[in-house]
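Everything below belongs to input.txt, which stores compact mmCIF, N, CA and C atoms and all ligand atoms.
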```txt
# COMPACT_ATOMS: atom_id res chain seq x y z
N MET A 1 195.10 -87.78 -14.27
CA MET A 1 193.97 -87.12 -14.91
C MET A 1 193.06 -86.45 -13.90
N SER A 2 193.19 -86.86 -12.63
CA SER A 2 192.31 -86.28 -11.62
C SER A 2 192.64 -84.82 -11.33
N GLU A 3 193.76 -84.36 -11.86
CA GLU A 3 194.11 -82.96 -11.64
C GLU A 3 193.28 -82.02 -12.50
N ASP A 4 192.51 -82.59 -13.40
CA ASP A 4 191.74 -81.75 -14.32
C ASP A 4 190.42 -81.23 -13.75
N ASP A 5 190.25 -81.39 -12.46
CA ASP A 5 189.05 -80.84 -11.83
C ASP A 5 188.96 -79.34 -12.08
N GLU A 6 190.10 -78.70 -11.97
CA GLU A 6 190.14 -77.26 -12.19
C GLU A 6 190.36 -77.01 -13.67
N LYS A 7 189.62 -76.10 -14.23
CA LYS A 7 189.71 -75.85 -15.66
C LYS A 7 191.05 -75.20 -16.00
N VAL A 8 191.71 -75.76 -16.99
CA VAL A 8 192.97 -75.17 -17.44
C VAL A 8 192.69 -74.25 -18.61
N THR A 9 193.18 -73.05 -18.50
CA THR A 9 193.00 -72.07 -19.56
C THR A 9 194.33 -71.82 -20.24
N GLU A 10 194.27 -71.66 -21.56
CA GLU A 10 195.49 -71.34 -22.28
C GLU A 10 195.55 -69.84 -22.47
N CYS A 11 196.68 -69.26 -22.15
CA CYS A 11 196.83 -67.82 -22.36
C CYS A 11 196.67 -67.53 -23.85
N PRO A 12 195.76 -66.62 -24.23
CA PRO A 12 195.52 -66.36 -25.65
C PRO A 12 196.69 -65.62 -26.31
N TYR A 13 197.64 -65.16 -25.55
CA TYR A 13 198.73 -64.35 -26.11
C TYR A 13 200.04 -65.10 -26.21
N CYS A 14 200.33 -65.97 -25.25
CA CYS A 14 201.60 -66.70 -25.32
C CYS A 14 201.40 -68.21 -25.25
N GLY A 15 200.16 -68.66 -25.03
CA GLY A 15 199.89 -70.09 -25.05
C GLY A 15 200.23 -70.82 -23.76
N ALA A 16 200.67 -70.10 -22.74
CA ALA A 16 200.99 -70.73 -21.47
C ALA A 16 199.74 -71.35 -20.87
N LYS A 17 199.91 -72.51 -20.25
CA LYS A 17 198.79 -73.17 -19.60
C LYS A 17 198.61 -72.57 -18.20
N LEU A 18 197.42 -72.05 -17.96
CA LEU A 18 197.18 -71.35 -16.71
C LEU A 18 196.01 -71.99 -15.99
N ARG A 19 196.21 -72.33 -14.76
CA ARG A 19 195.17 -73.01 -14.00
C ARG A 19 194.13 -72.05 -13.45
N HIS A 20 194.57 -70.92 -13.05
CA HIS A 20 193.64 -69.99 -12.41
C HIS A 20 193.16 -68.98 -13.43
N PRO A 21 192.14 -68.24 -13.09
CA PRO A 21 191.76 -67.15 -14.01
C PRO A 21 193.01 -66.40 -14.41
N TYR A 22 193.18 -66.23 -15.72
CA TYR A 22 194.49 -65.82 -16.19
C TYR A 22 194.74 -64.33 -16.23
N TRP A 23 193.83 -63.56 -15.65
CA TRP A 23 194.02 -62.10 -15.76
C TRP A 23 195.25 -61.60 -15.05
N ALA A 24 195.58 -62.25 -13.93
CA ALA A 24 196.78 -61.83 -13.21
C ALA A 24 198.00 -62.00 -14.12
N HIS A 25 198.02 -63.13 -14.84
CA HIS A 25 199.11 -63.40 -15.78
C HIS A 25 199.11 -62.37 -16.91
N VAL A 26 197.94 -62.08 -17.47
CA VAL A 26 197.85 -61.12 -18.57
C VAL A 26 198.33 -59.74 -18.10
N GLN A 27 197.88 -59.38 -16.91
CA GLN A 27 198.24 -58.06 -16.38
C GLN A 27 199.76 -57.94 -16.23
N GLU A 28 200.39 -59.03 -15.78
CA GLU A 28 201.82 -58.98 -15.51
C GLU A 28 202.65 -59.13 -16.78
N LYS A 29 202.24 -60.10 -17.64
CA LYS A 29 203.08 -60.44 -18.79
C LYS A 29 202.67 -59.73 -20.08
N HIS A 30 201.42 -59.34 -20.18
CA HIS A 30 200.94 -58.72 -21.42
C HIS A 30 200.16 -57.44 -21.10
N PRO A 31 200.84 -56.48 -20.48
CA PRO A 31 200.13 -55.27 -20.01
C PRO A 31 199.38 -54.53 -21.11
N GLU A 32 199.88 -54.55 -22.35
CA GLU A 32 199.19 -53.84 -23.43
C GLU A 32 197.84 -54.47 -23.73
N GLU A 33 197.82 -55.80 -23.72
CA GLU A 33 196.56 -56.50 -23.97
C GLU A 33 195.59 -56.24 -22.81
N TYR A 34 196.15 -56.19 -21.63
CA TYR A 34 195.31 -55.96 -20.47
C TYR A 34 194.65 -54.58 -20.56
N GLN A 35 195.40 -53.60 -21.00
CA GLN A 35 194.87 -52.25 -21.17
C GLN A 35 193.67 -52.24 -22.10
N LYS A 36 193.79 -52.99 -23.19
CA LYS A 36 192.68 -53.04 -24.16
C LYS A 36 191.40 -53.52 -23.51
N LYS A 37 191.54 -54.45 -22.57
CA LYS A 37 190.36 -55.01 -21.91
C LYS A 37 189.60 -53.94 -21.12
N GLU A 38 190.32 -52.89 -20.74
CA GLU A 38 189.63 -51.85 -19.98
C GLU A 38 188.56 -51.17 -20.82
N THR A 39 188.69 -51.25 -22.13
CA THR A 39 187.64 -50.77 -23.02
C THR A 39 186.34 -51.51 -22.78
N TRP A 40 186.48 -52.80 -22.41
CA TRP A 40 185.27 -53.60 -22.16
C TRP A 40 184.45 -52.99 -21.04
N ILE A 41 185.14 -52.47 -20.03
CA ILE A 41 184.44 -51.89 -18.88
C ILE A 41 183.63 -50.67 -19.33
N SER A 42 184.27 -49.80 -20.12
CA SER A 42 183.58 -48.60 -20.61
C SER A 42 182.36 -48.97 -21.44
N LEU A 43 182.56 -49.93 -22.35
CA LEU A 43 181.44 -50.35 -23.19
C LEU A 43 180.32 -50.94 -22.36
N PHE A 44 180.70 -51.76 -21.38
CA PHE A 44 179.70 -52.39 -20.52
C PHE A 44 178.86 -51.32 -19.83
N LYS A 45 179.52 -50.31 -19.30
CA LYS A 45 178.80 -49.22 -18.62
C LYS A 45 177.89 -48.48 -19.60
N ASP A 46 178.39 -48.24 -20.81
CA ASP A 46 177.57 -47.58 -21.83
C ASP A 46 176.30 -48.38 -22.13
N TYR A 47 176.50 -49.69 -22.38
CA TYR A 47 175.37 -50.53 -22.74
C TYR A 47 174.37 -50.64 -21.60
N LYS A 48 174.91 -50.75 -20.37
CA LYS A 48 174.03 -50.82 -19.22
C LYS A 48 173.18 -49.56 -19.10
N SER A 49 173.82 -48.42 -19.37
CA SER A 49 173.08 -47.15 -19.26
C SER A 49 172.00 -47.05 -20.33
N MET A 50 172.16 -47.84 -21.40
CA MET A 50 171.14 -47.89 -22.45
C MET A 50 170.04 -48.90 -22.10
N GLY A 51 170.20 -49.57 -20.96
CA GLY A 51 169.16 -50.48 -20.49
C GLY A 51 169.32 -51.92 -20.93
N MET A 52 170.49 -52.27 -21.43
CA MET A 52 170.72 -53.67 -21.85
C MET A 52 170.93 -54.58 -20.64
N ASP A 53 170.51 -55.83 -20.79
CA ASP A 53 170.78 -56.83 -19.76
C ASP A 53 172.27 -57.17 -19.75
N ASP A 54 172.76 -57.58 -18.57
CA ASP A 54 174.16 -57.96 -18.45
C ASP A 54 174.57 -58.99 -19.50
N SER A 55 173.75 -60.03 -19.64
CA SER A 55 174.14 -61.13 -20.54
C SER A 55 174.23 -60.65 -21.99
N ILE A 56 173.35 -59.72 -22.36
CA ILE A 56 173.40 -59.16 -23.72
C ILE A 56 174.68 -58.35 -23.90
N CYS A 57 175.02 -57.57 -22.88
CA CYS A 57 176.25 -56.77 -22.94
C CYS A 57 177.46 -57.68 -23.19
N TYR A 58 177.54 -58.79 -22.43
CA TYR A 58 178.69 -59.68 -22.56
C TYR A 58 178.75 -60.26 -23.97
N THR A 59 177.61 -60.62 -24.50
CA THR A 59 177.57 -61.20 -25.83
C THR A 59 178.00 -60.19 -26.89
N VAL A 60 177.45 -58.97 -26.78
CA VAL A 60 177.75 -57.94 -27.78
C VAL A 60 179.23 -57.57 -27.73
N ILE A 61 179.76 -57.37 -26.53
CA ILE A 61 181.18 -57.01 -26.40
C ILE A 61 182.05 -58.16 -26.89
N GLY A 62 181.65 -59.39 -26.56
CA GLY A 62 182.40 -60.55 -27.02
C GLY A 62 182.47 -60.62 -28.54
N GLU A 63 181.35 -60.27 -29.18
CA GLU A 63 181.33 -60.30 -30.64
C GLU A 63 182.22 -59.21 -31.23
N LEU A 64 182.19 -58.05 -30.60
CA LEU A 64 183.03 -56.94 -31.07
C LEU A 64 184.52 -57.29 -30.99
N PHE A 65 184.90 -57.97 -29.91
CA PHE A 65 186.32 -58.21 -29.66
C PHE A 65 186.72 -59.65 -29.92
N ASN A 66 185.80 -60.41 -30.53
CA ASN A 66 186.10 -61.81 -30.84
C ASN A 66 186.54 -62.58 -29.59
N ALA A 67 185.79 -62.38 -28.51
CA ALA A 67 186.11 -63.05 -27.25
C ALA A 67 184.86 -63.77 -26.74
N PRO A 68 185.05 -64.87 -26.02
CA PRO A 68 183.89 -65.57 -25.47
C PRO A 68 183.17 -64.69 -24.44
N PRO A 69 181.84 -64.67 -24.47
CA PRO A 69 181.09 -63.86 -23.50
C PRO A 69 181.49 -64.14 -22.05
N ASP A 70 181.83 -65.40 -21.76
CA ASP A 70 182.25 -65.74 -20.40
C ASP A 70 183.51 -64.99 -19.99
N GLU A 71 184.38 -64.79 -20.95
CA GLU A 71 185.62 -64.09 -20.66
C GLU A 71 185.32 -62.62 -20.36
N VAL A 72 184.41 -62.05 -21.16
CA VAL A 72 184.01 -60.66 -20.93
C VAL A 72 183.37 -60.53 -19.56
N LYS A 73 182.48 -61.47 -19.26
CA LYS A 73 181.79 -61.44 -17.97
C LYS A 73 182.79 -61.51 -16.82
N PHE A 74 183.71 -62.43 -16.95
CA PHE A 74 184.70 -62.62 -15.90
C PHE A 74 185.47 -61.32 -15.66
N PHE A 75 185.91 -60.71 -16.73
CA PHE A 75 186.72 -59.50 -16.59
C PHE A 75 185.91 -58.35 -16.02
N VAL A 76 184.72 -58.18 -16.52
CA VAL A 76 183.87 -57.06 -16.06
C VAL A 76 183.53 -57.23 -14.58
N GLU A 77 183.19 -58.46 -14.21
CA GLU A 77 182.83 -58.69 -12.80
C GLU A 77 184.02 -58.47 -11.88
N LYS A 78 185.19 -58.88 -12.36
CA LYS A 78 186.38 -58.76 -11.54
C LYS A 78 186.80 -57.30 -11.38
N ASN A 79 186.42 -56.48 -12.35
CA ASN A 79 186.92 -55.10 -12.36
C ASN A 79 185.86 -54.05 -12.11
N SER A 80 184.70 -54.46 -11.74
CA SER A 80 183.66 -53.46 -11.50
C SER A 80 183.46 -53.24 -10.01
ZN ZN B 1 200.66 -65.19 -21.62
```

Please rewrite the model in this file as C-alpha cells.
Amino acid sequence: MSEDDEKVTECPYCGAKLRHPYWAHVQEKHPEEYQKKETWISLFKDYKSMGMDDSICYTVIGELFNAPPDEVKFFVEKNS
C-alpha cells in the first residue's frame, strides 16, 4: 500500500491505470482526444484576454467539457 504515495490516475478513454500525468499516454494512444484538448488552450487565451482569473478560466472550461478544473489547469500549464 505504500506505493500509493503517487496519485494513480485512470485514463478516461481506455481505463488504463497511469501513475504519471497521463497526457503523454493520451497523446500517444488517443491522439484524437488529445487534439480536442487543444481547444482548451484557445479558450483559455480568449478568457484571459477578457480579464478572467486563471482559476475562473479552469472552472468554466471544465464545466464546458465536463472535466475537472485541475485537469484543465494541468493541461493548460503544460502546454502554454
Ligand atoms: Zn488510454

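Residues of protein, DNA or RNA lying at most 7 Å from ligand ZN 1 (chain B), when all atoms listed in the file are considered, are Glu10, Cys11, Pro12, Tyr13, Cys14, Gly15, Ala16, His25, Val26, Lys29 and His30 of chain A.
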
Got time to write the residues from that selection, N, CA and C atoms, as a compact mmCIF listing (two decimals), in the coordinates of the input?
```txt
# COMPACT_ATOMS: atom_id res chain seq x y z
N GLU A 10 194.27 -71.66 -21.56
CA GLU A 10 195.49 -71.34 -22.28
C GLU A 10 195.55 -69.84 -22.47
N CYS A 11 196.68 -69.26 -22.15
CA CYS A 11 196.83 -67.82 -22.36
C CYS A 11 196.67 -67.53 -23.85
N PRO A 12 195.76 -66.62 -24.23
CA PRO A 12 195.52 -66.36 -25.65
C PRO A 12 196.69 -65.62 -26.31
N TYR A 13 197.64 -65.16 -25.55
CA TYR A 13 198.73 -64.35 -26.11
C TYR A 13 200.04 -65.10 -26.21
N CYS A 14 200.33 -65.97 -25.25
CA CYS A 14 201.60 -66.70 -25.32
C CYS A 14 201.40 -68.21 -25.25
N GLY A 15 200.16 -68.66 -25.03
CA GLY A 15 199.89 -70.09 -25.05
C GLY A 15 200.23 -70.82 -23.76
N ALA A 16 200.67 -70.10 -22.74
CA ALA A 16 200.99 -70.73 -21.47
C ALA A 16 199.74 -71.35 -20.87
N HIS A 25 198.02 -63.13 -14.84
CA HIS A 25 199.11 -63.40 -15.78
C HIS A 25 199.11 -62.37 -16.91
N VAL A 26 197.94 -62.08 -17.47
CA VAL A 26 197.85 -61.12 -18.57
C VAL A 26 198.33 -59.74 -18.10
N LYS A 29 202.24 -60.10 -17.64
CA LYS A 29 203.08 -60.44 -18.79
C LYS A 29 202.67 -59.73 -20.08
N HIS A 30 201.42 -59.34 -20.18
CA HIS A 30 200.94 -58.72 -21.42
C HIS A 30 200.16 -57.44 -21.10
```

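Distance annotation: of A:Glu33, A:Glu38, A:Glu63, A:Glu28, the residue with the minimal separation from Ser80 of chain A is A:Glu38; atom set is only C-alpha atoms.
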
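If you look at atom CA of Ala67 of chain A and atom CA of Lys48 of chain A, they are 19.0 Å away from each other.
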
Here atom CA of Arg19 of chain A and atom N of Glu32 of chain A stand apart by 20.8 Å

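For Val72 of chain A, the non-local neighbours within 6.5 Å, defined as residues at least 5 positions apart in the same chain or in other chains and counting all atoms listed in the file, are Tyr58, Gly62, Ala67 and Glu77 of chain A.
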